[in-house]
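Enquirer: Have a look at this one.
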Amino acid sequence: MLDIKKIKENPDKVKAGLKAKEVDCDATIDQILALDVKIRGLKTSTETQTAQKNKLAKENGKLFGQKKAAEKKGEDTSSIDAAIEANKQESIRLDNEIAEEVKELAQLQVEYKTAMLSLPNLPDEDLLPGGKENNQPLRYSGHKPEFAFEPKHHVDLCQNLGLIDYERGVKLAGSGNWMYTGMGARLEWALLNYFIDTHIADGYDFILPPHMLEYMCGETAGQFPKFADEVYKIANPTDDRIHYMLPTAEAALCSIYRDEILTEADLPKKLFAYTPCFRREAGSHRADERGMVRGHQFNKVEMFQFTRPEDSDAAFEELVTKAEKLVEGLGFHFRTVKLAAGDCSASMARTYDIEILIPSMDGYKEVSSVSNARDYQARRGNIRFRREATGKPEFVHTLNGSGLATSRIFPALVEQNQRADGSIVVPEVLRKYLGGLEVIEKK
């Protein structure tokens with residue numbers, strides 16, 4: 001969620017920033033500013049009228065005392081009774097007005113929150129405006145594979161070696177699904193172990209979160225309400241709460257400290273989680289995307305950090321470096337790309353993609369996205385820390401990065417490491433997880 005102070009101080013700058021993300025939010029921002037004025041006006045009015053009502057109550061208290069004293073003396077109390085009645089009628093009128101204003105205020109606050117939640121995050125000012133066409137490759141790493149033979153597609157290699165059963169995966173769960181078998185399942189698990197061991201060695205805390213989350217997790221992460229239709233929702237006849245299958249561990253990790261105040265000494269919090277990820281959209285039916293490049297379910301290890309605002313830039317570079325080293329350790333050729341504003345997701349201020357070469361696709365595919373949300377997610381989830389110097393709470397910054405997703409690492413590994421006879425050379429860092437196996441050959 002954006003800071004309302006920034007919107008009020010310079011609405012034109014906010015509008016321009018969001019247009020760099022290829023999102024026209026001018027009308028929404030104008031609506032938010034108008035609602036803010038109405039809400040503040042109503043709050044002032046209800047506070048004023050409540051104060052008036054309290055004043056009348058005090059006056060009536062005094063008048064009742066005067067009436068008792070007059071009655072003891074046998075004096076006429078008609079004028080006091082009239083004043084008491086007048087104050088009662090005025091209190092009733094104020095009660096009715098306050099009730100109407102409270103009702104209107106509640107409705108306006110719902111409209112205000114809905115409008116605020118619909119705004120994407122502002123992109124960092126150094127990002128180029130526009131979409132994918134303005135993404136900037138920053139560096140290329142590793143040697144581009146060259147083959148003295150006609151290389152095969154990963155689908156054919158995996159089928160020939162018995163690593164993946166595509167047909168039975170579809171039989172079990174429909175299109176956009178596959179099933180790891182035999183050495184393929186072991187190779188997938190070896191990748192996950194390699195990622196996990198690396199993050200533990202780097203001092204990150206291992207989290208295994210629930211795979212079924214409540215709605216507020218998606219709202220905090222910035223996925224809901226706009227992208228609520230892109231997830232698998234869970235129907236439960238005994239519970240009316242909205243649950244969904246997590247599309248990425250970020251949705252869970254982001255909410256761990258929701259509505260909490262951390263100490264400054266707690267930061268940074270460095271976490272990582274392994275989860276399967278569930279997406280309704282499984283990509284296109286293009287010939288070059290056949291296989292497991294896109295799917296409804298895939299495995300991913302996700303990195304996450306909660307930091308002080310002044311530390312988030314350094315944390316971002318750390319996460320990028322970690323993702324690059326994971327890919328580099330597998331011996332792959334890849335590139336690091338700085339995304340243009342319009343290609344960053346709605347909740348992120350900046351993103352670098354690690355893109356790996358998949359020969360059959362004659363191009364690069366993202367295997368890791370490292371992003372800085374700044375305080376956008378923290379505002380949505382009310383995640384703060386208490387600054388030691390001032391004693392005041394401030395919003396943390398949140399960052400996440402894939403570390404890594406296997407659904408594209410696996411096909412790249414198979415294709416880049418293939419030999420003329422159809423066998424696959426196992427990357428050295430994975431061999432200890434496969435009993436020292438160096439080459440996967442057809443049995």
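Residue numbers start at 1 in each chain; chains themselves are named A, B, ... in the order of the structure tokens; ligands are numbered from 1 in the order shown.
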So which bits of segment 360-398 of chain A end up alpha helix (DSSP H) when you DSSP the backbone, as a list in words?

Expert: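 Here is the list: Tyr376, Gln377, Ala378, Arg379, Arg380 and Gly381 of chain A.
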
Enquirer: Write out as an MDAnalysis selection string the set of residues from segment 204-344 of chain A that DSSP, computed on the backbone, places in strand (DSSP E or B).

Expert: chainID A and resid 205:207 212:214 233:234 243:245 261:263 269:278 297:307 334:338

Enquirer: Could those residues be written to a file, using N, CA and C atoms, as a compact mmCIF listing (two decimals), in the first residue's frame?

Expert:
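This went into result.txt:
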```
# COMPACT_ATOMS: atom_id res chain seq x y z
N ASP A 205 17.26 -18.66 7.96
CA ASP A 205 16.43 -19.58 8.74
C ASP A 205 15.48 -20.33 7.81
N PHE A 206 15.42 -21.65 7.99
CA PHE A 206 14.60 -22.53 7.15
C PHE A 206 13.16 -22.53 7.68
N ILE A 207 12.19 -22.26 6.80
CA ILE A 207 10.78 -22.24 7.15
C ILE A 207 10.03 -23.24 6.25
N MET A 212 -1.72 -23.99 2.42
CA MET A 212 -3.05 -23.40 2.29
C MET A 212 -3.11 -22.17 3.18
N LEU A 213 -3.37 -21.01 2.57
CA LEU A 213 -3.30 -19.74 3.29
C LEU A 213 -4.64 -19.04 3.35
N GLU A 214 -4.75 -18.13 4.32
CA GLU A 214 -5.94 -17.29 4.41
C GLU A 214 -5.80 -16.08 3.50
N LYS A 233 -8.56 -21.45 -5.21
CA LYS A 233 -9.27 -21.23 -3.96
C LYS A 233 -9.78 -22.55 -3.40
N ILE A 234 -9.89 -22.60 -2.07
CA ILE A 234 -10.30 -23.82 -1.39
C ILE A 234 -11.70 -23.63 -0.84
N HIS A 243 -9.77 -19.44 1.80
CA HIS A 243 -8.42 -20.02 1.77
C HIS A 243 -8.02 -20.25 0.32
N TYR A 244 -6.72 -20.31 0.10
CA TYR A 244 -6.22 -20.58 -1.25
C TYR A 244 -4.88 -21.28 -1.16
N MET A 245 -4.50 -21.99 -2.24
CA MET A 245 -3.21 -22.66 -2.31
C MET A 245 -2.16 -21.63 -2.70
N ILE A 261 5.17 -5.71 15.93
CA ILE A 261 6.24 -4.72 15.98
C ILE A 261 7.52 -5.43 16.43
N LEU A 262 8.49 -5.50 15.54
CA LEU A 262 9.77 -6.13 15.85
C LEU A 262 10.69 -5.12 16.52
N THR A 263 11.70 -5.60 17.20
CA THR A 263 12.72 -4.69 17.71
C THR A 263 13.74 -4.42 16.60
N LYS A 269 15.73 -9.90 9.31
CA LYS A 269 15.24 -11.27 9.37
C LYS A 269 15.49 -11.90 8.01
N LYS A 270 16.28 -12.97 7.98
CA LYS A 270 16.62 -13.64 6.72
C LYS A 270 16.03 -15.05 6.75
N LEU A 271 15.06 -15.27 5.87
CA LEU A 271 14.32 -16.53 5.86
C LEU A 271 14.37 -17.17 4.48
N PHE A 272 14.14 -18.47 4.43
CA PHE A 272 13.88 -19.13 3.15
C PHE A 272 12.93 -20.29 3.40
N ALA A 273 12.18 -20.64 2.37
CA ALA A 273 11.19 -21.71 2.50
C ALA A 273 11.16 -22.56 1.25
N TYR A 274 10.95 -23.85 1.46
CA TYR A 274 10.63 -24.73 0.33
C TYR A 274 9.12 -24.95 0.32
N THR A 275 8.51 -24.80 -0.85
CA THR A 275 7.10 -25.17 -1.03
C THR A 275 6.86 -25.57 -2.48
N PRO A 276 5.86 -26.42 -2.71
CA PRO A 276 5.31 -26.47 -4.06
C PRO A 276 4.52 -25.19 -4.27
N CYS A 277 4.41 -24.74 -5.50
CA CYS A 277 3.68 -23.51 -5.84
C CYS A 277 2.55 -23.88 -6.80
N PHE A 278 1.41 -23.24 -6.62
CA PHE A 278 0.22 -23.60 -7.40
C PHE A 278 -0.28 -22.38 -8.16
N GLN A 297 1.69 -26.62 -11.12
CA GLN A 297 2.36 -26.89 -9.85
C GLN A 297 3.85 -27.08 -10.12
N PHE A 298 4.67 -26.43 -9.32
CA PHE A 298 6.11 -26.59 -9.46
C PHE A 298 6.76 -26.34 -8.11
N ASN A 299 8.00 -26.78 -7.97
CA ASN A 299 8.73 -26.64 -6.71
C ASN A 299 9.62 -25.40 -6.73
N LYS A 300 9.70 -24.75 -5.57
CA LYS A 300 10.53 -23.55 -5.51
C LYS A 300 11.05 -23.36 -4.09
N VAL A 301 12.27 -22.90 -3.99
CA VAL A 301 12.82 -22.43 -2.72
C VAL A 301 12.87 -20.91 -2.81
N GLU A 302 12.27 -20.25 -1.83
CA GLU A 302 12.10 -18.80 -1.85
C GLU A 302 12.91 -18.16 -0.73
N MET A 303 13.64 -17.08 -1.06
CA MET A 303 14.37 -16.30 -0.06
C MET A 303 13.54 -15.07 0.29
N PHE A 304 13.66 -14.62 1.55
CA PHE A 304 12.88 -13.46 2.00
C PHE A 304 13.65 -12.72 3.09
N GLN A 305 13.54 -11.39 3.07
CA GLN A 305 14.16 -10.58 4.11
C GLN A 305 13.23 -9.48 4.60
N PHE A 306 13.27 -9.24 5.92
CA PHE A 306 12.68 -8.05 6.53
C PHE A 306 13.85 -7.19 7.00
N THR A 307 13.90 -5.93 6.56
CA THR A 307 15.04 -5.08 6.90
C THR A 307 14.58 -3.69 7.35
N PHE A 334 23.99 -17.84 -18.09
CA PHE A 334 22.78 -17.08 -17.75
C PHE A 334 23.07 -15.58 -17.84
N ARG A 335 22.03 -14.79 -17.71
CA ARG A 335 22.19 -13.34 -17.68
C ARG A 335 21.32 -12.75 -16.56
N THR A 336 21.75 -11.58 -16.09
CA THR A 336 21.02 -10.84 -15.06
C THR A 336 20.40 -9.62 -15.71
N VAL A 337 19.09 -9.46 -15.54
CA VAL A 337 18.34 -8.43 -16.26
C VAL A 337 17.63 -7.51 -15.27
N LYS A 338 17.81 -6.22 -15.48
CA LYS A 338 17.10 -5.20 -14.69
C LYS A 338 15.78 -4.91 -15.39
```

Enquirer: Determine, for each residue of segment 145-222 of chain A having at least one atom at most 9 Å from an atom of segment 371-391 of chain A, the closest pair of atoms and their separation in Å to one decimal, counting only C-alpha atoms; order by chain and ascending number, as CSV.

Expert:
```
residue,atom,partner,partner_atom,distance
A:Met216,CA,A:Gly381,CA,8.1
A:Cys217,CA,A:Gly381,CA,8.4
A:Glu219,CA,A:Arg380,CA,7.1
A:Thr220,CA,A:Gly381,CA,4.8
A:Ala221,CA,A:Gln377,CA,5.6
A:Gly222,CA,A:Gln377,CA,6.5
```

Enquirer: I need the chosen residues saved as a PDB file, in the first residue's frame, with C-alpha atoms.

Expert:
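The result, stored in out_4.pdb:
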```pdb
ATOM      1  CA  MET A 216      -4.997 -11.743   4.323  1.00  0.00           C
ATOM      2  CA  CYS A 217      -1.741 -13.409   3.246  1.00  0.00           C
ATOM      3  CA  GLU A 219      -3.655  -9.077   0.503  1.00  0.00           C
ATOM      4  CA  THR A 220      -0.467  -8.375   2.471  1.00  0.00           C
ATOM      5  CA  ALA A 221       1.747  -9.680  -0.339  1.00  0.00           C
ATOM      6  CA  GLY A 222      -0.075  -7.443  -2.833  1.00  0.00           C
TER       7      GLY A 222
END
```

Enquirer: From the set A:Asn134, A:Thr114, A:Ser79, A:Asn54, which residue has the shortest atom-to-atom contact distance to Ala20 of chain A, counting only C-alpha atoms?

Expert: A:Asn134

Enquirer: Give me, as a list of chain:residue names, all polymer residues having an atom no more than 10 Å from segment 63-68 of chain A, counting only C-alpha atoms and skipping those fewer than 4 positions away in the same chain.

Expert: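 My list of contacting residues is A:Ala57, A:Lys58, A:Glu59, A:Lys72, A:Lys73, A:Gly74, A:Glu75, A:Asp76, A:Thr77, A:Ser78, A:Ser79, A:Ile80, A:Asp81, A:Ala83, A:Ile84.
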
Enquirer: What is the distance between atom CA of Lys6 of chain A and atom CA of Glu47 of chain A, in Å to one decimal?

Expert: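 These atoms are spaced 26.1 Å apart.
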
Enquirer: Can you tell me which residues surround Ala27 of chain A at a distance of at most 12 Å, considering only C-alpha atoms, apart from same-chain residues fewer than 6 positions away, and format the answer as number ranges by chain?

Expert: A: 11-12, 15, 33-34, 115, 118-119

Enquirer: For atom CA of Asp421 of chain A and atom CA of Gln159 of chain A, quote the distance in Å rounded to one decimal.

Expert: 14.1 Å

Enquirer: To one decimal in Å, tell me the separation between atom CA of Leu163 of chain A and atom CA of Thr181 of chain A.

Expert: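 One can read the atom CA of Leu163 of chain A to atom CA of Thr181 of chain A distance as 5.3 Å.
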
Enquirer: For Ser91 of chain A, which of A:Gly174, A:Ile4, A:Lys55, A:Val110 is the closest residue, counting only C-alpha atoms?

Expert: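 Of A:Gly174, A:Ile4, A:Lys55, A:Val110, the one nearest Ser91 of chain A is A:Lys55, counting only C-alpha atoms.
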